[in-house]
Amino acid sequence: MIGKLVGDNLYIHRQHLESLPDKLRKAVTQAQRVAAEAFELANVFKIGASNRTVSLLRYPSFLEEPFPALAETWRVHLDSDRVSYRSYVDSLNPPILHRKELLLPPDHPEREVFAALTTQAEQLGLFGDHHLIGFKRTWEDKIRAAGYYLDGHTLLPLGNDVSEADQGDTLDTTAAEIQRHRTALSRAGLSAPMQALARHGLLGAETTLFDYGCGRGDDLTALRSNGIAANGWDPYFAPDQQQRPAKVVNLGFVINVIEDFDERIAALRGAFELAEELLVVSTMLYGSAPPPGQPYRDGYLTGRQTFQKYFTQSELKEFVESVLDTEAVAVGPGIMFVFADKGAEQRFLYGRQRSHHALKLLGYRRAQAARSPRVPRPSRREQQLAAHHDLVDALWQAMLNFGRTPEPFEFADYAATVEAFGSWGRATRFVFEVKDTAEFELAAAERRADLLVYLALQLFSKRKRYSHLDESLQRDVKAHFGDYQKALATAQALLLSVADPSTLDDACRAAQAKGLGYYVESDYLQLHASLIERLPAVLRVYLGCGSILYGDLDGIDLVKIHIRSGKLSLMKFDDFDGQPIPLMTERIKIRLRDQDIDFFVYGSPHEPPPLYFKSRYLNEDYRMFEQQSRFDEDLEALSLFDPDGFGPPLQQLQQALASRRLEVSNYALAPSSTIPSLDEPCGAHFTFRHFIECGETWERTRLHNVPQQAATFNALHALATNILDPVIDYFGMIRLTYGFASAALTKEIPGRIAPHLDQHAGHELSRTGKPICSRLGAAIDFLVEDEDMVEVAKWITDNIPFDRLYIYGPNRPIHISYGPEGTHQVVVMSQTASQGRLVPKALTPEKFAAFEWPNG
């Protein structure tokens, strides 16, 4: 596979474009012609097969960031040569890229490093629920919740508190002074070793657990709340608790804070002696930067008088195995399982790939910061910043809020700041020296825009004198405009500009480029009301003019700025946040030129119109945006209606989904949970009855042969649409010879059959409640009259995805299945010359392409 395939979208890096097949390379070449400048800036290309688009994506730190953030995207619509642009440069929650190694050529020098990170993330279960990991904020939360943090292209466990305090040139290296308890972290969820146990199904109601060195006891609290019998002991926080045997014993981030080697060994052995089945050992690992503190014994002594011994993964495994004289199993970075019960060890190793999350894994209040190299002699500025960082941060925040330097009376910590820096001017200059001036300039521009909007809208009422303005507002005017008259003149020009369609059009285009709404060129901009305050000033004034007529926009979900007609639409929806397709309840159209308002209320007899593709009008910072965006993508991929139109009534959409055995469930298009009528369509050419009432045995017995599980009907529909419909489109009509087989029908079939393997029972359940065939999916036997069925099978192998395909001869029906495994397995069933028995022979698709059925 070239590149990374997500749905029907192919992602590929610029360096790998030459490997694309001709058809895809032509699409990229067309996109290059349409958007030449953007093509030069992009380093990743997203090729959409179904919607005929090529997106040019710019990830500025593709190689440097472990999960690079998207900065800009240009989407080229190949059918119309139209380009839409979106910037995420200022986004607080931009889309991010996973598995980036798949986009690169196989011989790229960094590919193995990137692949190793992907393997780590897979082992930690971070890619579970893949619909909710596409944006930075969600992904970072998930990493923290798993008990890890990113150090370059490595995931390291959040183990101990290694924060530094101010210190001199020397440390007290007296062993008696080492404060081990200061390394204990306060956690809001399970630690990394506890989550490793949960991932592998080793925490349950029957589990007893003892935490050897439990610290503040946050893990114990979380485990008990999940019904786990958990106890612990700690020499500082819980010294009076009894050390007791348990099925599982945790030695979490303990041995790495013990500076005495013999005592470290004693702790490891003592914990292992308590383990009836399993000991979990975890430690801090070396990161990419030198550890903080000064070398001491075999580790480092910090300024807080704590000790840390860092390991590599191999060093940890070797240490544990040499001390305990038994094998240690690595289950994650810095985490080893050591089994006292070898039977339990074998069960674990056998079932490792089938483990499941057993607990709700809670997030963390904070992540451990990546460690930086220690500077032996900090500069005076660094010392001053370290000593007064709280004051500096507070003053900087005040500067950003005002978009200017605050006056002394506007800053609560003025006296403390002057005392720390000697004067107010020196303090403000120092802050500008250590902070990002570009951020301040952006804040100043935003504050200036806020003032202009305020003053422009005030022009509708009696103008206030400068002396009547709030004192802080007076200083804003002076700082940003020089004087009041100049500010008013600028505001008046802004107010008049809202009547210019070209000005509005430019502002709407700029808003859409920053992800603020859905823009239709020279027509309108529609967006969620929560985004209004982030719009360009001219659009905020336009909306402000509407609110002067209508009133506050409380309760309004969407606003629509009509660029050329001088109108403003306000829309309310039923449960806008709770539904992926909310229904409009009211629309208010404000005619600014006429100074009038029209109200439209929906309900009986006027059917409420649904809002499709809701994510268009939101921003990635919005709650549930990621789920909504994924839902909208899945809906658009079905091509049920023109995505640029209004869309059908909701009931009509539900019927269209039902015909595809789909339904809306929460924020997903889920498989249908209903049992259909047997005469409902199943694919383009059959009904469900055709698959149920077919074959010699059914014709002979006429048994009641109806599936009991909705999932079986879903599987039959998938089989019909993905396999039979394409075959019929190419070869013409087919004859079904053996379809769904219930347990009752199966008993009547003569000869040797294997219901637990053949997939003819679909998703039906046995008397024990388990699937009759664990492969799931569905199977059908069929014949194409007057066609060589070996050649039909070859065409299928070359053109259609399937699970298993059995060929019995040129004139006999073939058996084919479609299921979740998707093995694409081809089996030729040929007769032996001596006994005439059928013997299966599996062939690769390549070998089957050259296969010839023997004569006779």
# chains A, B, ... in the order shown; residues from 1 in each chain; ligands from 1

$ select_by_dssp --residues "region 723-794 of chain A" --states "alpha helix (DSSP H)" --output "number ranges by chain"
A: 725-731, 743-748, 755-758, 789-794

$ write_last_selection --atoms "N, CA and C atoms" --output "compact mmCIF listing (two decimals), in the first residue's frame"
# COMPACT_ATOMS: atom_id res chain seq x y z
N ASP A 725 -24.05 -7.06 -6.53
CA ASP A 725 -24.38 -5.96 -7.44
C ASP A 725 -23.29 -5.72 -8.48
N PRO A 726 -22.01 -5.64 -8.11
CA PRO A 726 -20.97 -5.47 -9.12
C PRO A 726 -20.89 -6.65 -10.10
N VAL A 727 -21.09 -7.87 -9.60
CA VAL A 727 -21.05 -9.04 -10.49
C VAL A 727 -22.18 -8.96 -11.52
N ILE A 728 -23.38 -8.61 -11.07
CA ILE A 728 -24.52 -8.52 -11.99
C ILE A 728 -24.32 -7.38 -12.98
N ASP A 729 -23.78 -6.28 -12.52
CA ASP A 729 -23.54 -5.15 -13.43
C ASP A 729 -22.58 -5.56 -14.55
N TYR A 730 -21.67 -6.48 -14.26
CA TYR A 730 -20.65 -6.87 -15.25
C TYR A 730 -21.09 -8.07 -16.09
N PHE A 731 -21.66 -9.11 -15.43
CA PHE A 731 -21.96 -10.36 -16.14
C PHE A 731 -23.44 -10.51 -16.49
N ALA A 743 -30.53 -22.77 11.76
CA ALA A 743 -30.20 -24.07 12.35
C ALA A 743 -31.18 -25.14 11.86
N ALA A 744 -32.47 -24.77 11.73
CA ALA A 744 -33.47 -25.74 11.28
C ALA A 744 -33.19 -26.20 9.85
N LEU A 745 -32.84 -25.25 8.98
CA LEU A 745 -32.56 -25.61 7.58
C LEU A 745 -31.28 -26.42 7.49
N THR A 746 -30.30 -26.07 8.27
CA THR A 746 -29.02 -26.76 8.22
C THR A 746 -29.18 -28.25 8.52
N LYS A 747 -30.08 -28.58 9.46
CA LYS A 747 -30.29 -29.98 9.81
C LYS A 747 -30.82 -30.80 8.65
N GLU A 748 -31.49 -30.11 7.71
CA GLU A 748 -32.12 -30.83 6.59
C GLU A 748 -31.20 -30.96 5.38
N PRO A 755 -21.41 -25.37 9.42
CA PRO A 755 -22.03 -24.08 9.75
C PRO A 755 -21.13 -23.17 10.57
N HIS A 756 -20.23 -23.74 11.38
CA HIS A 756 -19.36 -22.92 12.22
C HIS A 756 -18.25 -22.27 11.41
N LEU A 757 -18.16 -22.64 10.09
CA LEU A 757 -17.12 -22.07 9.24
C LEU A 757 -17.65 -21.37 8.00
N ASP A 758 -18.81 -21.80 7.49
CA ASP A 758 -19.18 -21.39 6.12
C ASP A 758 -19.86 -20.03 6.01
N MET A 789 -17.49 -20.36 -14.55
CA MET A 789 -17.46 -19.84 -13.19
C MET A 789 -16.03 -19.66 -12.67
N VAL A 790 -15.06 -20.31 -13.27
CA VAL A 790 -13.66 -20.07 -12.90
C VAL A 790 -13.26 -18.67 -13.35
N GLU A 791 -13.70 -18.30 -14.55
CA GLU A 791 -13.40 -16.96 -15.03
C GLU A 791 -14.16 -15.89 -14.24
N VAL A 792 -15.38 -16.21 -13.85
CA VAL A 792 -16.13 -15.29 -12.99
C VAL A 792 -15.39 -15.07 -11.68
N ALA A 793 -14.88 -16.16 -11.11
CA ALA A 793 -14.13 -16.07 -9.85
C ALA A 793 -12.86 -15.24 -10.02
N LYS A 794 -12.20 -15.38 -11.17
CA LYS A 794 -11.00 -14.58 -11.41
C LYS A 794 -11.34 -13.09 -11.50

$ residues_around --residues "Leu583 (chain A)" --least-positions-apart "6" --cutoff "9 Å" --atoms "only C-alpha atoms" --output "PyMOL selection string"
chain A and resi 572-576+608-611+650

$ write_last_selection --atoms "N, CA and C atoms" --output "JSON list (two decimals), in the first residue's frame"
[["chain", "number", "residue", "atom", "x", "y", "z"],
["A", 572, "LYS", "N", -32.86, 29.22, 14.99],
["A", 572, "LYS", "CA", -32.92, 28.43, 16.22],
["A", 572, "LYS", "C", -33.24, 26.98, 15.84],
["A", 573, "PHE", "N", -32.68, 26.04, 16.62],
["A", 573, "PHE", "CA", -32.86, 24.63, 16.33],
["A", 573, "PHE", "C", -33.27, 23.88, 17.59],
["A", 574, "ASP", "N", -33.94, 22.77, 17.38],
["A", 574, "ASP", "CA", -34.32, 21.90, 18.48],
["A", 574, "ASP", "C", -33.12, 21.03, 18.86],
["A", 575, "ASP", "N", -32.57, 21.24, 20.06],
["A", 575, "ASP", "CA", -31.43, 20.46, 20.57],
["A", 575, "ASP", "C", -30.24, 20.51, 19.61],
["A", 576, "PHE", "N", -29.77, 21.72, 19.34],
["A", 576, "PHE", "CA", -28.68, 21.90, 18.39],
["A", 576, "PHE", "C", -27.44, 21.11, 18.80],
["A", 608, "PRO", "N", -40.30, 21.09, 10.02],
["A", 608, "PRO", "CA", -39.01, 21.71, 10.35],
["A", 608, "PRO", "C", -37.90, 21.19, 9.43],
["A", 609, "PRO", "N", -37.17, 22.07, 8.78],
["A", 609, "PRO", "CA", -36.09, 21.60, 7.91],
["A", 609, "PRO", "C", -34.89, 21.13, 8.72],
["A", 610, "PRO", "N", -34.24, 20.05, 8.30],
["A", 610, "PRO", "CA", -33.05, 19.56, 9.02],
["A", 610, "PRO", "C", -31.81, 20.35, 8.63],
["A", 611, "LEU", "N", -30.85, 20.40, 9.53],
["A", 611, "LEU", "CA", -29.57, 21.05, 9.25],
["A", 611, "LEU", "C", -28.53, 19.96, 9.00],
["A", 650, "LEU", "N", -35.94, 15.05, 6.79],
["A", 650, "LEU", "CA", -35.27, 14.07, 7.65],
["A", 650, "LEU", "C", -35.84, 12.67, 7.46]]

$ residues_around --residues "Ile814 (chain A)" --least-positions-apart "5" --cutoff "6 Å" --atoms "only C-alpha atoms" --output "PyMOL selection string"
chain A and resi 781-782+806-807

$ residues_around --residues "region 92-99 of chain A" --least-positions-apart "5" --cutoff "7 Å" --atoms "only C-alpha atoms" --output "list of chain:residue names"
A:Phe67, A:Pro68, A:Ala69, A:Leu70, A:Thr118, A:Gly134, A:Phe135, A:Lys136, A:Arg137, A:Glu620, A:Asp621

$ closest_residue --among "A:Leu531, A:Met571, A:Leu703, A:Leu716" --to "Ile749 (chain A)" --atoms "only C-alpha atoms"
A:Leu703

$ closest_residue --among "A:Gln30, A:Ser55, A:Thr405, A:Gln458" --to "Ile548 (chain A)" --atoms "only C-alpha atoms"
A:Gln458

$ closest_residue --among "A:Leu203, A:Met194, A:Ile816, A:Ala289" --to "Asp218 (chain A)" --atoms "only C-alpha atoms"
A:Met194
